[in-house]
file target-v9.cif (mmCIF, C-alpha atoms)
data_upload
loop_
_atom_site.label_atom_id
_atom_site.label_comp_id
_atom_site.auth_asym_id
_atom_site.auth_seq_id
_atom_site.Cartn_x
_atom_site.Cartn_y
_atom_site.Cartn_z
CA MET A 211 8.23 0.81 -23.27
CA THR A 212 5.59 -0.90 -25.42
CA ILE A 213 2.03 -0.35 -24.25
CA ASN A 214 -0.12 -3.46 -24.29
CA SER A 215 -3.69 -2.40 -25.13
CA LYS A 216 -5.13 -5.61 -23.71
CA ILE A 217 -6.32 -5.42 -20.10
CA GLU A 218 -5.80 -8.61 -18.10
CA THR A 219 -8.26 -9.43 -15.32
CA ILE A 220 -6.61 -10.51 -12.07
CA THR A 221 -7.68 -14.01 -11.05
CA PHE A 222 -7.82 -15.80 -7.72
CA SER A 223 -5.55 -18.58 -9.01
CA LYS A 224 -2.94 -16.01 -10.03
CA ILE A 225 -3.01 -14.44 -6.56
CA CYS A 226 -2.74 -17.85 -4.88
CA SER A 227 0.45 -18.54 -6.84
CA PHE A 228 2.15 -15.61 -5.10
CA PHE A 229 1.84 -17.21 -1.64
CA PRO A 230 3.71 -20.50 -1.23
CA LYS A 231 3.29 -22.57 1.92
CA ARG A 232 5.37 -21.23 4.80
CA LYS A 233 8.34 -23.45 5.65
CA ILE A 234 8.15 -25.29 8.96
CA ASP A 235 11.33 -23.62 10.25
CA SER A 236 10.23 -20.08 9.32
CA HIS A 237 10.90 -17.16 11.64
CA LYS A 238 9.80 -13.52 11.67
CA GLY A 239 12.83 -12.40 9.69
CA ASN A 240 11.67 -14.49 6.73
CA PHE A 241 8.59 -12.30 6.28
CA GLY A 242 10.12 -8.89 6.03
CA LYS A 243 10.72 -5.71 7.96
CA LEU A 244 8.26 -2.96 7.10
CA LEU A 245 8.53 0.70 8.08
CA CYS A 246 5.29 2.72 7.96
CA ILE A 247 5.84 6.49 8.14
CA THR A 248 2.24 7.50 8.61
CA GLY A 249 -0.19 9.61 10.58
CA SER A 250 -0.18 12.97 12.32
CA GLN A 251 -1.72 14.13 15.56
CA ARG A 252 -4.87 15.02 13.61
CA MET A 253 -5.00 11.74 11.66
CA PRO A 254 -3.85 8.89 13.91
CA GLY A 255 -6.45 6.55 12.42
CA ALA A 256 -4.58 6.40 9.12
CA ALA A 257 -1.50 5.09 10.93
CA ALA A 258 -3.62 2.60 12.88
CA MET A 259 -5.47 1.17 9.89
CA SER A 260 -2.45 0.89 7.58
CA SER A 261 -0.40 -0.71 10.37
CA TYR A 262 -3.07 -3.18 11.43
CA ALA A 263 -3.74 -4.13 7.79
CA ALA A 264 -0.02 -4.78 7.31
CA LEU A 265 0.04 -7.00 10.38
CA ARG A 266 -2.99 -8.97 9.15
CA SER A 267 -1.27 -9.37 5.78
CA GLY A 268 1.60 -11.42 7.13
CA VAL A 269 4.55 -9.07 7.58
CA GLY A 270 7.18 -10.37 9.99
CA LEU A 271 8.26 -7.16 11.72
CA LEU A 272 6.48 -3.82 11.58
CA THR A 273 7.69 -0.43 12.80
CA THR A 274 5.15 2.40 12.80
CA ALA A 275 6.89 5.77 12.71
CA THR A 276 4.34 8.42 13.62
CA ALA A 277 3.71 11.58 15.62
CA GLU A 278 4.87 10.97 19.18
CA GLN A 279 1.43 12.05 20.45
CA ASN A 280 -0.12 9.01 18.76
CA ILE A 281 1.96 6.27 20.30
CA SER A 282 -0.06 5.59 23.47
CA SER A 283 -3.36 5.23 21.61
CA LEU A 284 -1.88 3.23 18.73
CA SER A 285 -0.02 0.81 20.97
CA SER A 286 -3.29 -0.01 22.70
CA GLN A 287 -4.76 -1.10 19.34
CA CYS A 288 -1.82 -2.62 17.44
CA PHE A 289 0.05 -4.64 20.06
CA GLU A 290 2.31 -6.37 17.55
CA SER A 291 3.84 -3.25 16.00
CA MET A 292 7.01 -1.58 17.18
CA TYR A 293 6.83 2.22 17.36
CA LEU A 294 9.13 5.05 16.44
CA PRO A 295 7.86 8.30 18.01
CA LEU A 296 8.61 11.31 15.81
CA LYS A 297 8.69 14.95 16.83
CA THR A 298 6.11 17.28 15.30
CA ASP A 299 5.45 20.94 14.70
CA LEU A 300 2.97 22.86 16.82
CA ASP A 301 0.08 21.56 14.71
CA GLY A 302 1.03 17.92 15.23
CA PHE A 303 2.58 17.19 11.82
CA ILE A 304 5.84 15.23 11.55
CA THR A 305 8.93 17.29 10.77
CA TRP A 306 11.94 16.12 8.76
CA ASN A 307 14.56 18.36 10.35
CA LYS A 308 13.82 17.18 13.89
CA ASN A 309 13.73 13.48 12.94
CA GLU A 310 16.20 13.04 10.08
CA GLU A 311 18.65 10.71 11.83
CA LEU A 312 15.91 8.63 13.48
CA ILE A 313 14.16 8.11 10.15
CA LYS A 314 17.37 7.34 8.25
CA ASN A 315 18.35 4.69 10.81
CA ALA A 316 14.92 3.06 10.57
CA VAL A 317 15.00 3.15 6.76
CA ASP A 318 18.37 1.37 6.69
CA LYS A 319 16.87 -1.61 8.56
CA SER A 320 13.76 -1.96 6.38
CA ASP A 321 12.81 -4.22 3.48
CA ALA A 322 9.99 -1.89 2.38
CA ILE A 323 8.60 1.52 3.32
CA LEU A 324 5.06 2.86 3.33
CA LEU A 325 4.86 6.64 3.31
CA GLY A 326 1.95 9.05 3.30
CA CYS A 327 -1.21 7.80 5.03
CA GLY A 328 -2.51 10.67 7.19
CA LEU A 329 0.80 12.52 6.93
CA GLY A 330 -0.62 15.96 6.14
CA ILE A 331 0.86 18.55 3.79
CA THR A 332 3.37 21.00 5.23
CA GLU A 333 6.79 22.21 4.10
CA GLU A 334 8.35 19.65 6.43
CA THR A 335 6.27 16.66 5.24
CA ILE A 336 7.05 17.64 1.64
CA LEU A 337 10.76 17.71 2.55
CA LEU A 338 10.39 14.32 4.28
CA THR A 339 8.69 12.78 1.26
CA LYS A 340 11.26 14.07 -1.22
CA ASN A 341 14.15 12.81 0.90
CA ILE A 342 12.61 9.35 1.22
CA ILE A 343 11.99 9.13 -2.53
CA LYS A 344 15.53 10.28 -3.38
CA ASN A 345 17.56 8.44 -0.79
CA THR A 346 16.01 5.02 -0.12
CA ARG A 347 16.93 1.79 -1.86
CA CYS A 348 14.24 -0.61 -0.70
CA PRO A 349 10.81 -0.62 -2.38
CA LEU A 350 8.63 2.36 -1.49
CA ILE A 351 4.83 2.53 -1.41
CA LEU A 352 3.66 6.12 -1.78
CA ASP A 353 0.06 6.80 -0.75
CA ALA A 354 -2.27 9.69 0.09
CA ASP A 355 -0.34 12.75 1.28
CA GLY A 356 2.89 11.18 0.09
CA LEU A 357 1.46 11.60 -3.41
CA ASN A 358 0.05 15.05 -2.71
CA ALA A 359 3.45 16.16 -1.44
CA ILE A 360 5.06 15.69 -4.85
CA ALA A 361 2.13 16.85 -7.03
CA ASP A 362 4.21 19.85 -8.17
CA SER A 363 7.43 17.87 -8.62
CA ILE A 364 6.33 14.56 -10.12
CA ASN A 365 9.60 14.18 -12.04
CA ILE A 366 11.29 13.22 -8.78
CA ILE A 367 9.71 9.79 -9.23
CA SER A 368 11.36 9.33 -12.63
CA GLU A 369 14.75 10.07 -11.06
CA ARG A 370 14.37 7.23 -8.56
CA GLU A 371 16.23 4.04 -9.50
CA ASN A 372 14.57 1.67 -7.02
CA PRO A 373 11.01 0.26 -7.03
CA ILE A 374 8.12 2.58 -6.21
CA ILE A 375 4.40 1.80 -6.06
CA LEU A 376 1.95 4.71 -6.35
CA THR A 377 -1.59 4.22 -5.02
CA PRO A 378 -3.65 7.28 -6.03
CA HIS A 379 -7.41 7.62 -5.85
CA PRO A 380 -8.92 9.64 -8.73
CA GLY A 381 -8.45 12.97 -6.94
CA GLU A 382 -4.77 12.31 -6.25
CA MET A 383 -4.23 11.11 -9.81
CA ALA A 384 -5.86 14.28 -11.11
CA ARG A 385 -3.46 16.39 -9.02
CA LEU A 386 -0.45 14.42 -10.24
CA LEU A 387 -1.39 14.77 -13.92
CA LYS A 388 -2.85 18.31 -13.66
CA ILE A 389 -6.20 17.24 -15.07
CA SER A 390 -9.71 17.11 -13.62
CA ILE A 391 -11.14 14.22 -11.63
CA GLN A 392 -13.82 13.89 -14.30
CA GLU A 393 -11.11 13.39 -16.94
CA VAL A 394 -9.59 10.65 -14.82
CA GLN A 395 -12.90 8.87 -14.35
CA ASN A 396 -14.04 9.27 -17.95
CA ASN A 397 -11.07 7.34 -19.35
CA ARG A 398 -9.23 5.46 -16.64
CA THR A 399 -7.43 3.22 -19.12
CA LYS A 400 -5.97 6.19 -21.01
CA VAL A 401 -4.92 7.75 -17.72
CA ILE A 402 -3.01 4.59 -16.78
CA HIS A 403 -1.38 4.55 -20.25
CA ASP A 404 -0.35 8.19 -19.91
CA THR A 405 1.01 7.71 -16.41
CA MET A 406 3.08 4.68 -17.42
CA LYS A 407 4.63 6.74 -20.21
CA LEU A 408 5.33 9.60 -17.82
CA LEU A 409 6.65 7.35 -15.02
CA PRO A 410 7.92 4.18 -16.72
CA LYS A 411 9.67 2.80 -13.61
CA ALA A 412 6.65 3.06 -11.30
CA ILE A 413 3.86 0.61 -10.56
CA ILE A 414 0.60 2.57 -10.76
CA VAL A 415 -2.47 1.53 -8.74
CA LEU A 416 -5.43 3.67 -9.81
CA LYS A 417 -8.04 3.00 -7.15
CA GLY A 418 -11.80 2.92 -7.64
CA HIS A 419 -14.37 0.62 -9.21
CA GLU A 420 -12.34 -2.10 -10.97
CA THR A 421 -9.02 -0.74 -9.70
CA LEU A 422 -6.36 -0.73 -12.42
CA VAL A 423 -2.72 -1.69 -11.94
CA GLY A 424 -0.27 -0.55 -14.60
CA TYR A 425 3.38 -1.53 -14.98
CA ASN A 426 5.87 -1.85 -17.82
CA GLY A 427 3.21 -1.39 -20.48
CA SER A 428 0.74 -3.93 -19.07
CA ILE A 429 -2.58 -3.17 -17.39
CA TYR A 430 -4.44 -5.40 -14.93
CA LYS A 431 -8.07 -4.97 -13.83
CA ASN A 432 -9.28 -6.01 -10.38
CA PRO A 433 -12.69 -7.73 -10.31
CA THR A 434 -13.19 -7.74 -6.53
CA GLY A 435 -14.67 -5.10 -4.23
CA ASN A 436 -17.97 -3.27 -3.78
CA PRO A 437 -19.45 0.21 -3.06
CA GLY A 438 -19.44 -0.46 0.68
CA MET A 439 -15.69 0.12 0.58
CA SER A 440 -16.24 3.75 -0.40
CA ARG A 441 -15.24 5.18 2.97
CA GLY A 442 -12.34 7.14 4.33
CA GLY A 443 -9.75 4.67 5.57
CA SER A 444 -10.20 1.97 2.93
CA GLY A 445 -7.18 3.32 1.05
CA ASP A 446 -5.05 3.20 4.21
CA VAL A 447 -5.96 -0.48 4.56
CA LEU A 448 -4.94 -1.18 0.95
CA ALA A 449 -1.66 0.69 1.32
CA GLY A 450 -0.75 -1.32 4.42
CA MET A 451 -1.54 -4.58 2.62
CA ILE A 452 0.54 -3.77 -0.46
CA ALA A 453 3.41 -2.64 1.75
CA ALA A 454 3.27 -5.86 3.79
CA PHE A 455 3.36 -8.01 0.65
CA THR A 456 6.28 -6.00 -0.70
CA ALA A 457 8.20 -6.45 2.56
CA GLN A 458 7.59 -10.20 2.24
CA ARG A 459 9.55 -10.04 -1.01
CA LEU A 460 6.78 -10.39 -3.52
CA SER A 461 7.84 -8.42 -6.57
CA PRO A 462 6.37 -4.90 -6.47
CA VAL A 463 3.88 -5.68 -9.23
CA GLU A 464 2.86 -8.95 -7.52
CA ALA A 465 2.40 -7.06 -4.25
CA ALA A 466 0.18 -4.50 -5.98
CA LEU A 467 -1.93 -7.18 -7.69
CA ALA A 468 -2.27 -9.22 -4.51
CA GLY A 469 -3.09 -6.11 -2.49
CA VAL A 470 -5.96 -4.89 -4.65
CA TYR A 471 -7.45 -8.36 -5.14
CA ILE A 472 -7.31 -9.49 -1.51
CA HIS A 473 -8.44 -6.05 -0.30
CA GLY A 474 -11.49 -6.25 -2.56
CA MET A 475 -12.21 -9.86 -1.67
CA ALA A 476 -12.02 -9.05 2.06
CA GLY A 477 -14.36 -6.15 1.37
CA ASP A 478 -16.81 -8.48 -0.36
CA ILE A 479 -16.78 -10.81 2.63
CA ALA A 480 -17.27 -7.84 4.98
CA ALA A 481 -20.27 -6.70 2.94
CA GLN A 482 -21.85 -10.14 3.27
CA ILE A 483 -21.46 -9.98 7.05
CA TYR A 484 -22.19 -6.32 7.81
CA SER A 485 -23.89 -5.02 4.59
CA GLN A 486 -22.45 -2.45 2.20
CA SER A 487 -24.14 0.33 4.15
CA ALA A 488 -22.80 -0.57 7.59
CA MET A 489 -19.38 -2.09 6.88
CA LEU A 490 -16.28 -0.14 7.92
CA PRO A 491 -12.64 -0.25 6.77
CA ARG A 492 -11.76 -2.01 10.03
CA ASP A 493 -14.15 -4.77 8.97
CA ILE A 494 -12.13 -5.22 5.78
CA ILE A 495 -9.04 -5.81 7.92
CA GLU A 496 -10.88 -8.34 10.07
CA CYS A 497 -11.87 -10.26 6.93
CA ILE A 498 -8.34 -10.52 5.50
CA PRO A 499 -7.77 -13.81 7.41
CA LYS A 500 -10.85 -15.30 5.74
CA VAL A 501 -9.26 -14.62 2.35
CA PHE A 502 -6.02 -16.28 3.40
CA LEU A 503 -7.94 -19.32 4.57
CA LYS A 504 -9.38 -19.57 1.06
CA ILE A 505 -5.87 -19.26 -0.38
CA GLU A 506 -4.68 -22.06 1.90
CA ASP A 507 -7.66 -24.21 0.91
CA ASN A 508 -6.78 -23.66 -2.74
CA ARG A 509 -3.19 -24.69 -2.06
CA GLN A 510 -4.30 -27.91 -0.35
CA ILE A 511 -6.59 -28.79 -3.24
CA ASN A 512 -3.74 -28.28 -5.71
CA ASP A 513 -1.40 -30.32 -3.52
CA VAL A 514 -3.86 -33.21 -3.60
CA LYS A 515 -4.24 -32.93 -7.38
CA SER A 516 -0.48 -32.91 -7.90
CA ALA A 517 -0.16 -36.09 -5.81
CA PHE A 518 -2.06 -38.13 -8.43
#
call {"tool": "encode", "arguments": {"input": "target-v9.cif", "output": "structure tokens"}}
result
Amino acid sequence: MTINSKIETITFSKICSFFPKRKIDSHKGNFGKLLCITGSQRMPGAAAMSSYAALRSGVGLLTTATAEQNISSLSSQCFESMYLPLKTDLDGFITWNKNEELIKNAVDKSDAILLGCGLGITEETILLTKNIIKNTRCPLILDADGLNAIADSINIISERENPIILTPHPGEMARLLKISIQEVQNNRTKVIHDTMKLLPKAIIVLKGHETLVGYNGSIYKNPTGNPGMSRGGSGDVLAGMIAAFTAQRLSPVEAALAGVYIHGMAGDIAAQIYSQSAMLPRDIIECIPKVFLKIEDNRQINDVKSAF
């Protein structure tokens, strides 16, 4: 793999090109089947935010696989999702051994999988994560505790043949690379370079100010977003968005680029409405449609131009 030292800034026009006009005879199957294995009894909000963000990002069919204790509260918030209740241990964390067949059946029907938001770290969630990485063929988005679960066995990612998108914040990246958070933040570009060399098949999304996306030797910088997005839950929103775009058959790198740009742009709109101090991750989700309206406006303008 040749490393390209030039960093390309993601542009709005580039993102617009990823989203063609929906055909008049489209149906839900055209826009992907996404499986989100997220949440625990202690962290149901992570499942809610990633699921709702995926729904707002255009996915056709969503199944949220989460701790069975979460289903009643989640179904009252995300009406459009289907739910797969999973058995847990006494502390409310999903177990692999009690749910193996259920999860495998759901995986077989999916176009993309999101794993990790609010999952928690136990022996069983580590076992779950490793099995999903090893034995799934569709694209996988690994976030939050999905990343923490393989911090001591990162080589498992290199052994995977099929697409995988990693979405670490600086702390998770530090754990993966066995370096300090300060080292990550002091030279984010070098960290992306090093991670691409270590994991050449993965798409790396290093979150933070000017989020970086690295893949196949190339690095992309995201210009959107603001400090008001610095809240727990913003990463769950981003993970759900990237997963939804992947399920809709954008290439994994396109899904990552679209996810970080639209996430940041929705955050910028939310800051204008609510302020950076008062905005919440749920406000980012509510502003995703405003971004897509801008994308549709851009498409109409280009359609008019191409007519002359």
call {"tool": "resolve_selection", "arguments": {"input": "target-v9.cif", "expression": "the PyMOL selection byres ((chain A and resi 421) around 10)", "output": "JSON, numbers by chain"}}
result
{"A": [379, 398, 415, 416, 417, 418, 419, 420, 422, 423, 430, 431, 432, 433, 434, 435, 467, 470, 471, 474]}
call {"tool": "residues_around", "arguments": {"input": "target-v9.cif", "residues": "A:Asn309", "least_positions_apart": "5", "cutoff": "10 Å", "atoms": "all atoms listed in the file", "output": "NGL selection string"}}
result
:A and (295-298 or 304 or 314 or 338)
call {"tool": "closest_residue", "arguments": {"input": "target-v9.cif", "among": "A:Glu464, A:Glu393, A:Asp493, A:Glu333", "to": "A:Gly424", "atoms": "only C-alpha atoms"}}
result
A:Glu464
call {"tool": "residues_around", "arguments": {"input": "target-v9.cif", "residues": "stretch 442-447 of chain A", "least_positions_apart": "6", "cutoff": "6 Å", "atoms": "only C-alpha atoms", "output": "PyMOL selection string"}}
result
chain A and resi 256+259-260+263+491
call {"tool": "closest_residue", "arguments": {"input": "target-v9.cif", "among": "A:Lys224, A:Lys243, A:Arg266, A:Lys344", "to": "A:Lys500", "atoms": "all atoms listed in the file"}}
result
A:Arg266
call {"tool": "resolve_selection", "arguments": {"input": "target-v9.cif", "expression": "the PyMOL selection byres ((chain A and resi 312) around 12)", "output": "PDB file with C-alpha atoms, in the coordinates of the input"}}
result
ATOM      1  CA  ILE A 247       5.840   6.490   8.140  1.00  0.00           C
ATOM      2  CA  ALA A 275       6.890   5.770  12.710  1.00  0.00           C
ATOM      3  CA  THR A 276       4.340   8.420  13.620  1.00  0.00           C
ATOM      4  CA  TYR A 293       6.830   2.220  17.360  1.00  0.00           C
ATOM      5  CA  LEU A 294       9.130   5.050  16.440  1.00  0.00           C
ATOM      6  CA  PRO A 295       7.860   8.300  18.010  1.00  0.00           C
ATOM      7  CA  LEU A 296       8.610  11.310  15.810  1.00  0.00           C
ATOM      8  CA  LYS A 297       8.690  14.950  16.830  1.00  0.00           C
ATOM      9  CA  THR A 305       8.930  17.290  10.770  1.00  0.00           C
ATOM     10  CA  TRP A 306      11.940  16.120   8.760  1.00  0.00           C
ATOM     11  CA  ASN A 307      14.560  18.360  10.350  1.00  0.00           C
ATOM     12  CA  LYS A 308      13.820  17.180  13.890  1.00  0.00           C
ATOM     13  CA  ASN A 309      13.730  13.480  12.940  1.00  0.00           C
ATOM     14  CA  GLU A 310      16.200  13.040  10.080  1.00  0.00           C
ATOM     15  CA  GLU A 311      18.650  10.710  11.830  1.00  0.00           C
ATOM     16  CA  ILE A 313      14.160   8.110  10.150  1.00  0.00           C
ATOM     17  CA  LYS A 314      17.370   7.340   8.250  1.00  0.00           C
ATOM     18  CA  ASN A 315      18.350   4.690  10.810  1.00  0.00           C
ATOM     19  CA  ALA A 316      14.920   3.060  10.570  1.00  0.00           C
ATOM     20  CA  VAL A 317      15.000   3.150   6.760  1.00  0.00           C
ATOM     21  CA  ASP A 318      18.370   1.370   6.690  1.00  0.00           C
ATOM     22  CA  LYS A 319      16.870  -1.610   8.560  1.00  0.00           C
TER      23      LYS A 319
END
call {"tool": "resolve_selection", "arguments": {"input": "target-v9.cif", "expression": "the PyMOL selection byres ((chain A and resi 452) around 9)", "output": "PyMOL selection string"}}
result
chain A and resi 264+267+324+351+375+447-451+453-457+462+465-470
call {"tool": "atom_distance", "arguments": {"input": "target-v9.cif", "atom1": "atom CA of A:Asp353", "atom2": "atom CA of A:Arg385"}}
result
13.1 Å
call {"tool": "atom_distance", "arguments": {"input": "target-v9.cif", "atom1": "atom CA of A:Val401", "atom2": "atom CA of A:Val463"}}
result
18.2 Å
call {"tool": "closest_residue", "arguments": {"input": "target-v9.cif", "among": "A:Val269, A:Leu352, A:Cys497, A:Leu284", "to": "A:Ile483", "atoms": "only C-alpha atoms"}}
result
A:Cys497
